[in-house]
Amino acid sequence: MARQVGGREPVPVAGLWRALGLTLASAVVWGVAHVAAGRRAAGFTLMGVLALLLAGTATLGLTFQDKLKQIAVQGTWLNVITVAILVLALAWAAIVIRSYQVVRPAGLPTAMRVASTTLVVVLSLLICTPFVYAANTTYVLRDTLSKIFPGDDNSGEKVNAANPWKNMPRVNILLLGGDGGKDRTGIRTDSMTVASINTKTGDTVLFSLPRNLQHFQMPPRLRAKWPQGYTGDPGDQGLLNELYIEAQRHPDLLPKYKKASQRGPHLLEEVIGYLTGLKINYYVLVNLSGFKDIVNAMGGVTVHIEKRLPIGGEPERGIPPSGYLQPGTHHLNGEQALWYGRSRHADDDFHRMDRQKCLMKDIADQADPQKVVTHFEKLAKAATNTIYTNIPSALLPALVKLSGTVKGGADIHSLAYNPAKIPGFHVYQPSVLIMRNAAAKAIAESDNPQKAKPTATATAKTNKRKTPRVSPSATATSTGSDSAVSLKNVCG
């Protein structure tokens, strides 16, 4: 249908609407406009290319999920993916514009031609928007990984790219949590846990060390300075959580590392490795002040709170708490989750150590991919400002694959160095032999569960009854043995 304008030739209005409709259809299925315009070869070719792209993407997503996860942590591949996404966006936009060109009716007035072209350009931009967002997210991921995981930091274990776990039946990672600014000057590591992971099965043992471990024996090379056990500098108490500051104060303790931010974690690696008899391969330091931003970016975390926990406050100075976390199962925001892991005035350091391990498990279990994607930039920024590690980027693909094994059914056991759990263990001048024996036993039981004593979890499976949720503190104080306890039983 045409419309007469001032006695001139009719304007092909109906032809314009048809052209716009075919252009919109071509934005969804490539080639529709070309086929309608009689250009069947070009049209069917475009349809075939689109079908191959969709089929290939679906096949990759469904068949090679694990491989894609490993690719997603490699900088080179992320660069390739970013470029590919942008190229696809430009190609899609070009196809839409060309589709309009092949079906646009001739003889359109200038105003109508400009208006219709503008609509098509806007449509093309709308199509490009999700691709640009995806490309930007991929770039942010690459940038975040490059900042957190150093590619040129030689302080960690060397990586065999062909076989990362060759001659490494277990990888031991020291997890540190403490307060401090971006330069971490003056940080005290109040949370110290060694994650010992079986590189074949993913079975993991978490060893928690109390921050108030005091006057412990030092490795042989440091005994000349502290022959009677660690005492720190004058005025210090000789606690384990003072070692980070000790290394920052005295570069001569680790002359190999020029940066103060490296000396602290490596001194802790050396000392904790000596005390437990474990070779620490890498460390991860989390700034607890920024930890809450990560939890918020994830949408919070649901935890079971055993007893009322104070938020803040200093009872010894007469400063009351600003609030409380009430008993029960609650969904916590970042600030609340931080205090769930930090609060100790309601009980002691050992209960807090157990809460921290359950909090780590809850966060790992509840990580929602959709929320991670939608809040990715916020999460990436929080992680960059919060996490420090010497894990090399070359190891990331292997760690991603291993983490999938852990999350896919591997068991996670927990052993806290708690006098109530380990016979003969004391926080003051602890026996290195007892600490090493406890660690060796826990690892042996994790690697050979059939030889270990039946646990509450194993008994529940045998009797085909649901295992009741056990509070972290109840388990920590009632086992009375040096056996590690499954977090599936402890945290529910």
# chains A, B, ... in the order shown; residues from 1 in each chain; ligands from 1
call {"tool": "residues_around", "arguments": {"residues": "stretch 332-347 of chain A", "least_positions_apart": "3", "cutoff": "8 Å", "atoms": "only C-alpha atoms", "output": "list in words"}}
result
Leu288, Phe291, Lys292, Asp293, Ile294, Val295, Asn296, Gly299, Gly300, Val301, Thr302, Val303, Arg308, Leu309, Pro310, Ile311, Gly312, Pro315, Leu325, His351, Arg352, Met353, Arg355, Gln356 and Leu359 of chain A
call {"tool": "residues_around", "arguments": {"residues": "A:Lys381", "least_positions_apart": "6", "cutoff": "12 Å", "atoms": "only C-alpha atoms", "output": "VMD selection string"}}
result
chain A and resid 137 140 to 141 143 to 145 147 to 148 290 to 291 293 to 294 297 375 387
call {"tool": "residues_around", "arguments": {"residues": "A:Ala398", "least_positions_apart": "2", "cutoff": "10 Å", "atoms": "only C-alpha atoms", "output": "number ranges by chain"}}
result
A: 70, 73, 161, 163-165, 199, 394-396, 400-404
call {"tool": "write_last_selection", "arguments": {"atoms": "N, CA, C and O atoms", "output": "CSV table (one decimal), in the first residue's frame"}}
result
chain,number,residue,atom,x,y,z
A,70,GLN,N,38.5,-24.1,32.9
A,70,GLN,CA,40.0,-24.0,32.9
A,70,GLN,C,40.5,-22.9,32.0
A,70,GLN,O,41.4,-22.2,32.3
A,73,VAL,N,40.4,-19.1,33.1
A,73,VAL,CA,41.3,-18.5,34.1
A,73,VAL,C,42.7,-18.4,33.4
A,73,VAL,O,43.7,-18.2,34.1
A,161,ALA,N,53.8,-27.2,33.7
A,161,ALA,CA,52.6,-26.9,32.9
A,161,ALA,C,52.0,-28.2,32.3
A,161,ALA,O,50.7,-28.3,32.3
A,163,ASN,N,52.2,-31.3,33.5
A,163,ASN,CA,51.6,-32.1,34.6
A,163,ASN,C,51.8,-31.4,35.9
A,163,ASN,O,52.8,-31.7,36.7
A,164,PRO,N,50.9,-30.5,36.3
A,164,PRO,CA,51.1,-29.7,37.5
A,164,PRO,C,51.2,-30.4,38.8
A,164,PRO,O,51.9,-30.0,39.7
A,165,TRP,N,50.6,-31.6,38.9
A,165,TRP,CA,50.6,-32.4,40.1
A,165,TRP,C,51.7,-33.5,40.1
A,165,TRP,O,51.6,-34.4,40.9
A,199,THR,N,45.6,-34.2,45.5
A,199,THR,CA,45.5,-33.8,44.1
A,199,THR,C,44.9,-34.8,43.2
A,199,THR,O,44.6,-34.4,42.0
A,394,ALA,N,49.9,-19.8,36.1
A,394,ALA,CA,50.0,-21.0,35.3
A,394,ALA,C,49.3,-22.2,36.0
A,394,ALA,O,49.0,-23.2,35.4
A,395,LEU,N,49.1,-22.1,37.3
A,395,LEU,CA,48.6,-23.2,38.1
A,395,LEU,C,47.0,-23.1,38.1
A,395,LEU,O,46.4,-24.1,38.5
A,396,LEU,N,46.5,-22.0,37.7
A,396,LEU,CA,45.0,-21.8,37.9
A,396,LEU,C,44.2,-22.9,37.2
A,396,LEU,O,43.2,-23.4,37.7
A,400,VAL,N,41.5,-25.0,39.2
A,400,VAL,CA,40.1,-25.0,38.9
A,400,VAL,C,39.5,-26.4,38.7
A,400,VAL,O,38.5,-26.8,39.2
A,401,LYS,N,40.3,-27.3,38.0
A,401,LYS,CA,39.9,-28.7,37.8
A,401,LYS,C,39.9,-29.4,39.2
A,401,LYS,O,38.9,-30.1,39.5
A,402,LEU,N,40.8,-29.1,40.0
A,402,LEU,CA,40.9,-29.7,41.4
A,402,LEU,C,39.7,-29.3,42.2
A,402,LEU,O,39.1,-30.0,43.0
A,403,SER,N,39.4,-28.0,42.2
A,403,SER,CA,38.3,-27.4,43.0
A,403,SER,C,37.0,-28.1,42.5
A,403,SER,O,36.1,-28.3,43.4
A,404,GLY,N,36.8,-28.4,41.2
A,404,GLY,CA,35.6,-29.1,40.8
A,404,GLY,C,35.5,-30.5,41.4
A,404,GLY,O,34.4,-30.9,41.7
call {"tool": "residues_around", "arguments": {"residues": "stretch 113-123 of chain A", "least_positions_apart": "5", "cutoff": "12 Å", "atoms": "only C-alpha atoms", "output": "MDAnalysis selection string"}}
result
chainID A and resid 11:13 15:28 92:101 104:108 128:129
call {"tool": "write_last_selection", "arguments": {"atoms": "N, CA and C atoms", "output": "tab-separated table (two decimals), in the first residue's frame"}}
result
chain	number	residue	atom	x	y	z
A	11	VAL	N	4.25	7.12	-1.75
A	11	VAL	CA	5.32	6.70	-0.83
A	11	VAL	C	5.06	5.26	-0.40
A	12	PRO	N	6.00	4.36	-0.57
A	12	PRO	CA	5.80	2.95	-0.25
A	12	PRO	C	5.84	2.68	1.26
A	13	VAL	N	4.79	3.13	1.97
A	13	VAL	CA	4.75	2.96	3.43
A	13	VAL	C	4.71	1.48	3.80
A	15	GLY	N	5.73	-1.01	2.11
A	15	GLY	CA	7.03	-1.61	1.82
A	15	GLY	C	8.05	-1.31	2.89
A	16	LEU	N	7.95	-0.11	3.49
A	16	LEU	CA	8.88	0.26	4.57
A	16	LEU	C	8.64	-0.60	5.80
A	17	TRP	N	7.35	-0.75	6.18
A	17	TRP	CA	7.05	-1.57	7.36
A	17	TRP	C	7.48	-3.01	7.14
A	18	ARG	N	7.30	-3.50	5.93
A	18	ARG	CA	7.73	-4.86	5.62
A	18	ARG	C	9.26	-4.98	5.76
A	19	ALA	N	9.95	-3.97	5.26
A	19	ALA	CA	11.42	-3.98	5.33
A	19	ALA	C	11.90	-3.97	6.78
A	20	LEU	N	11.25	-3.14	7.60
A	20	LEU	CA	11.64	-3.09	9.02
A	20	LEU	C	11.34	-4.41	9.72
A	21	GLY	N	10.21	-5.02	9.37
A	21	GLY	CA	9.86	-6.31	9.96
A	21	GLY	C	10.86	-7.40	9.59
A	22	LEU	N	11.24	-7.43	8.32
A	22	LEU	CA	12.22	-8.41	7.88
A	22	LEU	C	13.60	-8.16	8.51
A	23	THR	N	13.92	-6.88	8.71
A	23	THR	CA	15.19	-6.54	9.36
A	23	THR	C	15.20	-7.04	10.80
A	24	LEU	N	14.07	-6.84	11.49
A	24	LEU	CA	13.96	-7.32	12.87
A	24	LEU	C	14.07	-8.84	12.92
A	25	ALA	N	13.41	-9.51	11.97
A	25	ALA	CA	13.48	-10.97	11.91
A	25	ALA	C	14.91	-11.43	11.64
A	26	SER	N	15.64	-10.69	10.80
A	26	SER	CA	17.02	-11.04	10.49
A	26	SER	C	17.95	-10.83	11.67
A	27	ALA	N	17.53	-9.96	12.61
A	27	ALA	CA	18.32	-9.78	13.83
A	27	ALA	C	18.27	-11.02	14.71
A	28	VAL	N	17.20	-11.81	14.54
A	28	VAL	CA	17.05	-13.04	15.30
A	28	VAL	C	17.54	-14.24	14.51
A	92	TRP	N	27.31	-9.24	13.71
A	92	TRP	CA	25.86	-9.29	13.88
A	92	TRP	C	25.23	-7.95	13.49
A	93	ALA	N	25.85	-6.86	13.95
A	93	ALA	CA	25.33	-5.53	13.62
A	93	ALA	C	25.40	-5.30	12.10
A	94	ALA	N	26.49	-5.72	11.50
A	94	ALA	CA	26.64	-5.53	10.05
A	94	ALA	C	25.59	-6.33	9.28
A	95	ILE	N	25.28	-7.51	9.73
A	95	ILE	CA	24.26	-8.34	9.07
A	95	ILE	C	22.89	-7.67	9.17
A	96	VAL	N	22.58	-7.09	10.33
A	96	VAL	CA	21.30	-6.41	10.50
A	96	VAL	C	21.20	-5.21	9.56
A	97	ILE	N	22.26	-4.42	9.51
A	97	ILE	CA	22.24	-3.24	8.64
A	97	ILE	C	22.14	-3.66	7.17
A	98	ARG	N	22.90	-4.68	6.79
A	98	ARG	CA	22.85	-5.13	5.40
A	98	ARG	C	21.48	-5.73	5.06
A	99	SER	N	20.87	-6.40	6.02
A	99	SER	CA	19.54	-6.97	5.81
A	99	SER	C	18.54	-5.87	5.47
A	100	TYR	N	18.64	-4.75	6.16
A	100	TYR	CA	17.73	-3.63	5.87
A	100	TYR	C	18.01	-3.07	4.47
A	101	GLN	N	19.28	-3.01	4.12
A	101	GLN	CA	19.63	-2.44	2.82
A	101	GLN	C	19.06	-3.26	1.66
A	104	ARG	N	15.06	-2.65	1.72
A	104	ARG	CA	14.54	-1.28	1.82
A	104	ARG	C	13.93	-0.87	0.49
A	105	PRO	N	12.70	-0.37	0.53
A	105	PRO	CA	12.04	0.04	-0.72
A	105	PRO	C	12.70	1.29	-1.30
A	106	ALA	N	12.69	1.40	-2.60
A	106	ALA	CA	13.26	2.57	-3.25
A	106	ALA	C	12.28	3.73	-3.20
A	107	GLY	N	12.78	4.91	-3.35
A	107	GLY	CA	11.94	6.10	-3.45
A	107	GLY	C	11.46	6.66	-2.14
A	108	LEU	N	12.08	6.29	-1.03
A	108	LEU	CA	11.67	6.85	0.26
A	108	LEU	C	12.07	8.32	0.36
A	128	CYS	N	24.31	-5.15	19.97
A	128	CYS	CA	25.72	-5.14	20.39
A	128	CYS	C	25.88	-5.03	21.91
A	129	THR	N	24.90	-4.44	22.57
A	129	THR	CA	25.03	-4.16	24.01
A	129	THR	C	25.40	-5.38	24.84
call {"tool": "residues_around", "arguments": {"residues": "stretch 441-444 of chain A", "least_positions_apart": "2", "cutoff": "7 Å", "atoms": "only C-alpha atoms", "output": "PDB file with all heavy atoms, in the first residue's frame"}}
result
ATOM      1  N   VAL A 205      42.020 -31.771  54.070  1.00  0.00           N
ATOM      2  CA  VAL A 205      42.081 -31.627  55.522  1.00  0.00           C
ATOM      3  C   VAL A 205      42.440 -30.182  55.829  1.00  0.00           C
ATOM      4  O   VAL A 205      43.417 -29.646  55.287  1.00  0.00           O
ATOM      5  CB  VAL A 205      43.116 -32.566  56.159  1.00  0.00           C
ATOM      6  CG1 VAL A 205      43.071 -32.433  57.681  1.00  0.00           C
ATOM      7  CG2 VAL A 205      42.865 -34.017  55.758  1.00  0.00           C
ATOM      8  N   ASN A 437      52.529 -35.258  64.565  1.00  0.00           N
ATOM      9  CA  ASN A 437      51.840 -36.547  64.592  1.00  0.00           C
ATOM     10  C   ASN A 437      50.349 -36.381  64.314  1.00  0.00           C
ATOM     11  O   ASN A 437      49.738 -37.200  63.616  1.00  0.00           O
ATOM     12  CB  ASN A 437      52.057 -37.237  65.937  1.00  0.00           C
ATOM     13  CG  ASN A 437      53.455 -37.812  66.080  1.00  0.00           C
ATOM     14  OD1 ASN A 437      54.160 -37.997  65.088  1.00  0.00           O
ATOM     15  ND2 ASN A 437      53.873 -38.084  67.310  1.00  0.00           N
ATOM     16  N   ALA A 438      49.749 -35.329  64.872  1.00  0.00           N
ATOM     17  CA  ALA A 438      48.319 -35.082  64.657  1.00  0.00           C
ATOM     18  C   ALA A 438      48.049 -34.795  63.173  1.00  0.00           C
ATOM     19  O   ALA A 438      47.074 -35.284  62.598  1.00  0.00           O
ATOM     20  CB  ALA A 438      47.848 -33.912  65.518  1.00  0.00           C
ATOM     21  N   ALA A 439      48.933 -33.999  62.553  1.00  0.00           N
ATOM     22  CA  ALA A 439      48.759 -33.680  61.139  1.00  0.00           C
ATOM     23  C   ALA A 439      48.933 -34.928  60.280  1.00  0.00           C
ATOM     24  O   ALA A 439      48.141 -35.183  59.356  1.00  0.00           O
ATOM     25  CB  ALA A 439      49.759 -32.609  60.717  1.00  0.00           C
ATOM     26  N   SER A 446      42.471 -39.305  56.052  1.00  0.00           N
ATOM     27  CA  SER A 446      41.780 -38.742  54.895  1.00  0.00           C
ATOM     28  C   SER A 446      42.084 -39.542  53.639  1.00  0.00           C
ATOM     29  O   SER A 446      41.204 -39.792  52.820  1.00  0.00           O
ATOM     30  CB  SER A 446      42.192 -37.275  54.700  1.00  0.00           C
ATOM     31  OG  SER A 446      41.633 -36.734  53.527  1.00  0.00           O
ATOM     32  N   ASP A 447      43.351 -39.964  53.497  1.00  0.00           N
ATOM     33  CA  ASP A 447      43.752 -40.729  52.315  1.00  0.00           C
ATOM     34  C   ASP A 447      43.271 -42.176  52.364  1.00  0.00           C
ATOM     35  O   ASP A 447      43.091 -42.811  51.325  1.00  0.00           O
ATOM     36  CB  ASP A 447      45.271 -40.707  52.166  1.00  0.00           C
ATOM     37  CG  ASP A 447      45.799 -39.353  51.707  1.00  0.00           C
ATOM     38  OD1 ASP A 447      45.000 -38.579  51.136  1.00  0.00           O
ATOM     39  OD2 ASP A 447      46.991 -39.070  51.926  1.00  0.00           O
ATOM     40  N   ASN A 448      43.076 -42.693  53.564  1.00  0.00           N
ATOM     41  CA  ASN A 448      42.632 -44.088  53.734  1.00  0.00           C
ATOM     42  C   ASN A 448      41.450 -44.137  54.692  1.00  0.00           C
ATOM     43  O   ASN A 448      41.570 -44.625  55.811  1.00  0.00           O
ATOM     44  CB  ASN A 448      43.782 -44.945  54.268  1.00  0.00           C
ATOM     45  CG  ASN A 448      45.001 -44.912  53.373  1.00  0.00           C
ATOM     46  OD1 ASN A 448      45.036 -45.566  52.339  1.00  0.00           O
ATOM     47  ND2 ASN A 448      45.993 -44.123  53.759  1.00  0.00           N
ATOM     48  N   SER A 483      41.591 -37.016  66.005  1.00  0.00           N
ATOM     49  CA  SER A 483      41.104 -37.351  64.672  1.00  0.00           C
ATOM     50  C   SER A 483      40.430 -36.136  64.066  1.00  0.00           C
ATOM     51  O   SER A 483      39.757 -35.363  64.740  1.00  0.00           O
ATOM     52  CB  SER A 483      40.117 -38.513  64.719  1.00  0.00           C
ATOM     53  OG  SER A 483      40.765 -39.703  65.140  1.00  0.00           O
ATOM     54  N   ALA A 484      40.621 -35.982  62.752  1.00  0.00           N
ATOM     55  CA  ALA A 484      39.947 -34.894  62.050  1.00  0.00           C
ATOM     56  C   ALA A 484      38.468 -35.236  61.908  1.00  0.00           C
ATOM     57  O   ALA A 484      38.083 -36.394  61.874  1.00  0.00           O
ATOM     58  CB  ALA A 484      40.576 -34.685  60.674  1.00  0.00           C
TER      59      ALA A 484
END
call {"tool": "closest_residue", "arguments": {"among": "A:Ile81, A:Ile412, A:Ala51, A:Leu379", "to": "A:Ala195", "atoms": "only C-alpha atoms"}}
result
A:Ile412
call {"tool": "closest_residue", "arguments": {"among": "A:Leu174, A:Val49, A:Val485, A:Ile305", "to": "A:Leu415", "atoms": "only C-alpha atoms"}}
result
A:Val485
